[in-house]
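Text of protein.pdb, listed as PDB, C-alpha atoms, pLDDT in the B column:
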ATOM      1  CA  MET A   1       0.000   0.000   0.000  1.00 81.00           C
ATOM      2  CA  ILE A   2       1.309   3.412  -0.952  1.00 88.00           C
ATOM      3  CA  GLN A   3       0.210   6.394   1.104  1.00 93.00           C
ATOM      4  CA  ARG A   4       0.896   9.899  -0.113  1.00 95.00           C
ATOM      5  CA  PHE A   5       0.113  13.310   1.310  1.00 97.00           C
ATOM      6  CA  ILE A   6      -1.500  15.701  -1.150  1.00 97.00           C
ATOM      7  CA  GLU A   7      -0.966  19.195   0.169  1.00 96.00           C
ATOM      8  CA  LEU A   8      -3.470  21.989  -0.190  1.00 96.00           C
ATOM      9  CA  GLY A   9      -2.780  25.538   0.963  1.00 90.00           C
ATOM     10  CA  GLU A  10      -3.464  27.097   4.352  1.00 83.00           C
ATOM     11  CA  GLY A  11      -6.168  29.631   3.478  1.00 81.00           C
ATOM     12  CA  TYR A  12      -9.914  29.492   3.957  1.00 82.00           C
ATOM     13  CA  SER A  13     -10.549  28.570   0.311  1.00 88.00           C
ATOM     14  CA  ASP A  14      -8.094  25.659   0.631  1.00 92.00           C
ATOM     15  CA  ILE A  15      -9.805  24.410   3.778  1.00 92.00           C
ATOM     16  CA  TYR A  16     -13.206  24.604   2.093  1.00 93.00           C
ATOM     17  CA  GLU A  17     -11.760  22.551  -0.774  1.00 96.00           C
ATOM     18  CA  LEU A  18     -10.481  20.000   1.758  1.00 97.00           C
ATOM     19  CA  PHE A  19     -13.955  19.847   3.313  1.00 97.00           C
ATOM     20  CA  GLU A  20     -15.534  19.337  -0.111  1.00 97.00           C
ATOM     21  CA  LEU A  21     -13.105  16.493  -0.825  1.00 97.00           C
ATOM     22  CA  ALA A  22     -14.305  14.796   2.364  1.00 98.00           C
ATOM     23  CA  ARG A  23     -17.986  15.337   1.522  1.00 98.00           C
ATOM     24  CA  SER A  24     -17.725  14.197  -2.087  1.00 97.00           C
ATOM     25  CA  ASN A  25     -15.761  11.087  -1.049  1.00 97.00           C
ATOM     26  CA  LYS A  26     -17.939  10.163   1.941  1.00 97.00           C
ATOM     27  CA  HIS A  27     -18.042   6.553   0.745  1.00 95.00           C
ATOM     28  CA  ARG A  28     -14.213   6.407   0.956  1.00 95.00           C
ATOM     29  CA  LEU A  29     -13.674   8.604   4.030  1.00 97.00           C
ATOM     30  CA  ALA A  30     -11.590   6.729   6.596  1.00 97.00           C
ATOM     31  CA  HIS A  31     -10.564   9.451   9.077  1.00 98.00           C
ATOM     32  CA  LEU A  32     -10.507  13.155   9.791  1.00 98.00           C
ATOM     33  CA  LEU A  33      -7.328  14.128  11.636  1.00 98.00           C
ATOM     34  CA  LEU A  34      -6.158  17.238  13.433  1.00 97.00           C
ATOM     35  CA  LEU A  35      -2.370  17.182  13.758  1.00 98.00           C
ATOM     36  CA  GLU A  36      -1.326  19.528  16.553  1.00 97.00           C
ATOM     37  CA  THR A  37       2.116  21.092  16.928  1.00 97.00           C
ATOM     38  CA  THR A  38       3.936  24.135  18.310  1.00 96.00           C
ATOM     39  CA  ILE A  39       5.709  26.592  16.009  1.00 95.00           C
ATOM     40  CA  ASP A  40       7.582  29.550  17.509  1.00 94.00           C
ATOM     41  CA  GLY A  41       5.651  29.185  20.764  1.00 93.00           C
ATOM     42  CA  GLN A  42       2.225  29.098  19.065  1.00 94.00           C
ATOM     43  CA  ARG A  43      -0.046  26.071  18.799  1.00 95.00           C
ATOM     44  CA  LYS A  44      -0.825  25.250  15.158  1.00 95.00           C
ATOM     45  CA  GLY A  45      -2.841  22.527  13.518  1.00 95.00           C
ATOM     46  CA  SER A  46      -3.087  20.648  10.251  1.00 96.00           C
ATOM     47  CA  PHE A  47      -6.347  19.236   8.932  1.00 97.00           C
ATOM     48  CA  VAL A  48      -6.043  15.843   7.230  1.00 98.00           C
ATOM     49  CA  VAL A  49      -8.672  13.943   5.252  1.00 98.00           C
ATOM     50  CA  VAL A  50      -7.711  10.260   4.993  1.00 98.00           C
ATOM     51  CA  LEU A  51      -9.461   8.323   2.248  1.00 96.00           C
ATOM     52  CA  SER A  52      -9.582   4.568   1.871  1.00 94.00           C
ATOM     53  CA  PRO A  53      -7.740   3.248  -1.179  1.00 89.00           C
ATOM     54  CA  ALA A  54      -9.638   3.243  -4.471  1.00 83.00           C
ATOM     55  CA  SER A  55     -11.128  -0.097  -5.478  1.00 79.00           C
ATOM     56  CA  GLU A  56      -8.408  -0.474  -8.119  1.00 82.00           C
ATOM     57  CA  GLY A  57      -4.795   0.075  -7.171  1.00 78.00           C
ATOM     58  CA  LYS A  58      -2.832   0.314  -3.958  1.00 84.00           C
ATOM     59  CA  PHE A  59      -2.825   4.055  -3.348  1.00 90.00           C
ATOM     60  CA  GLN A  60      -4.231   5.751  -0.239  1.00 93.00           C
ATOM     61  CA  PRO A  61      -4.456   9.570  -0.458  1.00 96.00           C
ATOM     62  CA  LEU A  62      -4.109  11.810   2.579  1.00 98.00           C
ATOM     63  CA  TYR A  63      -5.196  15.372   1.811  1.00 98.00           C
ATOM     64  CA  ILE A  64      -3.642  17.950   4.144  1.00 97.00           C
ATOM     65  CA  SER A  65      -3.801  21.646   4.917  1.00 96.00           C
ATOM     66  CA  ARG A  66      -0.471  21.893   6.726  1.00 95.00           C
ATOM     67  CA  GLU A  67       0.020  23.947   9.896  1.00 93.00           C
ATOM     68  CA  GLY A  68      -2.220  26.801   8.824  1.00 88.00           C
ATOM     69  CA  VAL A  69      -4.732  26.693  11.656  1.00 90.00           C
ATOM     70  CA  ALA A  70      -4.149  28.566  14.915  1.00 90.00           C
ATOM     71  CA  LEU A  71      -5.275  26.317  17.762  1.00 91.00           C
ATOM     72  CA  THR A  72      -7.305  28.632  19.933  1.00 86.00           C
ATOM     73  CA  GLU A  73     -10.525  28.009  21.810  1.00 78.00           C
ATOM     74  CA  SER A  74     -12.387  30.358  19.480  1.00 80.00           C
ATOM     75  CA  SER A  75     -11.030  29.062  16.166  1.00 86.00           C
ATOM     76  CA  LYS A  76     -13.752  29.190  13.520  1.00 90.00           C
ATOM     77  CA  ARG A  77     -11.773  26.764  11.328  1.00 90.00           C
ATOM     78  CA  ILE A  78     -11.687  24.104  14.056  1.00 92.00           C
ATOM     79  CA  GLU A  79     -15.393  24.629  14.687  1.00 93.00           C
ATOM     80  CA  LEU A  80     -16.074  24.096  10.962  1.00 94.00           C
ATOM     81  CA  PHE A  81     -13.934  20.940  10.951  1.00 95.00           C
ATOM     82  CA  GLN A  82     -15.867  19.579  13.941  1.00 96.00           C
ATOM     83  CA  GLU A  83     -19.149  20.349  12.154  1.00 97.00           C
ATOM     84  CA  LEU A  84     -17.880  18.555   9.040  1.00 98.00           C
ATOM     85  CA  ALA A  85     -17.004  15.501  11.131  1.00 98.00           C
ATOM     86  CA  ALA A  86     -20.444  15.457  12.739  1.00 98.00           C
ATOM     87  CA  SER A  87     -22.187  15.770   9.363  1.00 98.00           C
ATOM     88  CA  LEU A  88     -20.135  12.822   8.039  1.00 98.00           C
ATOM     89  CA  GLU A  89     -20.656  10.775  11.218  1.00 97.00           C
ATOM     90  CA  LYS A  90     -16.939  10.778  12.043  1.00 98.00           C
ATOM     91  CA  LYS A  91     -14.896  11.949  15.003  1.00 97.00           C
ATOM     92  CA  VAL A  92     -11.911  14.247  14.663  1.00 97.00           C
ATOM     93  CA  ILE A  93      -8.798  12.384  15.794  1.00 98.00           C
ATOM     94  CA  SER A  94      -6.248  14.738  17.372  1.00 97.00           C
ATOM     95  CA  ILE A  95      -2.588  13.765  17.436  1.00 98.00           C
ATOM     96  CA  ASP A  96       0.380  15.769  18.779  1.00 98.00           C
ATOM     97  CA  VAL A  97       3.260  15.728  16.271  1.00 98.00           C
ATOM     98  CA  ARG A  98       6.536  17.502  15.615  1.00 98.00           C
ATOM     99  CA  SER A  99       6.457  20.593  13.422  1.00 97.00           C
ATOM    100  CA  SER A 100       7.352  20.256   9.753  1.00 97.00           C
ATOM    101  CA  LYS A 101       9.914  22.988  10.399  1.00 95.00           C
ATOM    102  CA  SER A 102      11.970  20.501  12.447  1.00 96.00           C
ATOM    103  CA  PHE A 103      12.675  18.502   9.259  1.00 97.00           C
ATOM    104  CA  ALA A 104      15.131  19.428   6.509  1.00 97.00           C
ATOM    105  CA  GLU A 105      12.601  18.499   3.818  1.00 97.00           C
ATOM    106  CA  THR A 106       8.814  18.280   3.667  1.00 96.00           C
ATOM    107  CA  ASP A 107       9.079  14.709   2.307  1.00 97.00           C
ATOM    108  CA  LEU A 108      10.854  13.646   5.518  1.00 98.00           C
ATOM    109  CA  TYR A 109       8.065  15.222   7.548  1.00 98.00           C
ATOM    110  CA  TYR A 110       5.467  13.279   5.589  1.00 98.00           C
ATOM    111  CA  GLN A 111       7.417  10.031   6.062  1.00 97.00           C
ATOM    112  CA  TYR A 112       7.437  10.750   9.805  1.00 98.00           C
ATOM    113  CA  LEU A 113       3.653  11.291   9.792  1.00 98.00           C
ATOM    114  CA  ILE A 114       3.032   8.134   7.763  1.00 97.00           C
ATOM    115  CA  GLY A 115       5.030   6.178  10.358  1.00 96.00           C
ATOM    116  CA  ILE A 116       2.912   7.594  13.187  1.00 97.00           C
ATOM    117  CA  LEU A 117      -0.341   6.933  11.340  1.00 97.00           C
ATOM    118  CA  ARG A 118       0.661   3.353  10.481  1.00 95.00           C
ATOM    119  CA  MET A 119       1.795   2.650  14.035  1.00 95.00           C
ATOM    120  CA  ASN A 120      -1.572   3.850  15.370  1.00 94.00           C
ATOM    121  CA  ARG A 121      -3.396   1.928  12.622  1.00 93.00           C
ATOM    122  CA  TYR A 122      -5.075   4.992  11.113  1.00 93.00           C
ATOM    123  CA  ILE A 123      -3.681   3.994   7.725  1.00 92.00           C
ATOM    124  CA  LEU A 124      -2.905   0.608   6.244  1.00 78.00           C
ATOM    125  CA  PRO A 125       0.551  -0.981   6.567  1.00 76.00           C
ATOM    126  CA  MET A 126       2.915  -1.485   3.623  1.00 65.00           C
ATOM    127  CA  GLN A 127       2.134  -4.622   1.635  1.00 58.00           C
TER     128      GLN A 127
END

Could you spell out this file's structure in structure tokens?
Amino acid sequence: MIQRFIELGEGYSDIYELFELARSNKHRLAHLLLLETTIDGQRKGSFVVVLSPASEGKFQPLYISREGVALTESSKRIELFQELAASLEKKVISIDVRSSKSFAETDLYYQYLIGILRMNRYILPMQ
């Protein structure tokens, strides 16, 4: 099984696109994740939509809006993500992770996340 992160931007329009990907792929939606980290003393979050692999092939997409959400009690973006989860009958899974800035390359960061997600059985193991 090949898992790959597909990165969207950090803005509101990107997050709405991420939400639409989840809604339009409800039949394949495996998980909604909130990856929490600290960057320069501020709590930040990444939204991740994990889809099940397509019926043909061995590819599992993970759509991400990376570290663009400020984690505050009054965050409208987090509230919208929670509402999305409720409408899709899913729970948001929160995981504390290292910041992508602590890696020399974004690909290394994504390999790190894939390891965490496999270990916790949120995504399928390599086959």

### Using only C-alpha atoms: which of A:Arg43, A:Lys76, A:Lys90, A:Arg4 has the shortest distance to Lys26 in chain A
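Looking at the shortest contact to Lys26 in chain A, the residue is A:Lys90.
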
### Close residues, His27 in chain A itself excluded, 9 Å, all atoms listed in the file, min 4 positions apart in chain, as a list in words
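My list of contacting residues is Arg23, Leu51 and Ser52 of chain A.
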
#### Entry: Å distance separating CA of Pro53 in chain A from CA of Arg28 in chain A, one decimal place
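The value is 7.5 Å.
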
### Message
Please enumerate the residues selected by the PyMOL selection byres ((chain A and resi 93-108) around 8) when evaluated against the supplied file, formatted as a PyMOL selection string.
### Response
chain A and resi 31-39+91-92+109-113

#### Entry: Distance criterion (all atoms listed in the file): nearest to Met1 in chain A out of A:Ile64, A:Glu56, A:Asn120, A:Arg77
A:Glu56

Output as AutoDock Vina command-line options the centre and edge lengths (Å, one decimal) of the box along x, y and z of the file that holds every listed atom of range 90-103 of chain A after adding 8 Å on each side.
--center_x -2.1 --center_y 16.9 --center_z 14.0 --size_x 45.6 --size_y 28.2 --size_z 25.5

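For the choices A:Ala22, A:Leu62, A:Glu17, A:Ile78, the atom-to-atom distance to Gln3 in chain A is smallest for A:Leu62 when using only C-alpha atoms.
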
#### Entry: Nearest to Val48 in chain A by atom-to-atom distance, counting all atoms listed in the file, from A:Glu89, A:Glu73, A:Glu67, A:Glu79
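Counting all atoms listed in the file, the residue closest to Val48 in chain A is A:Glu67.
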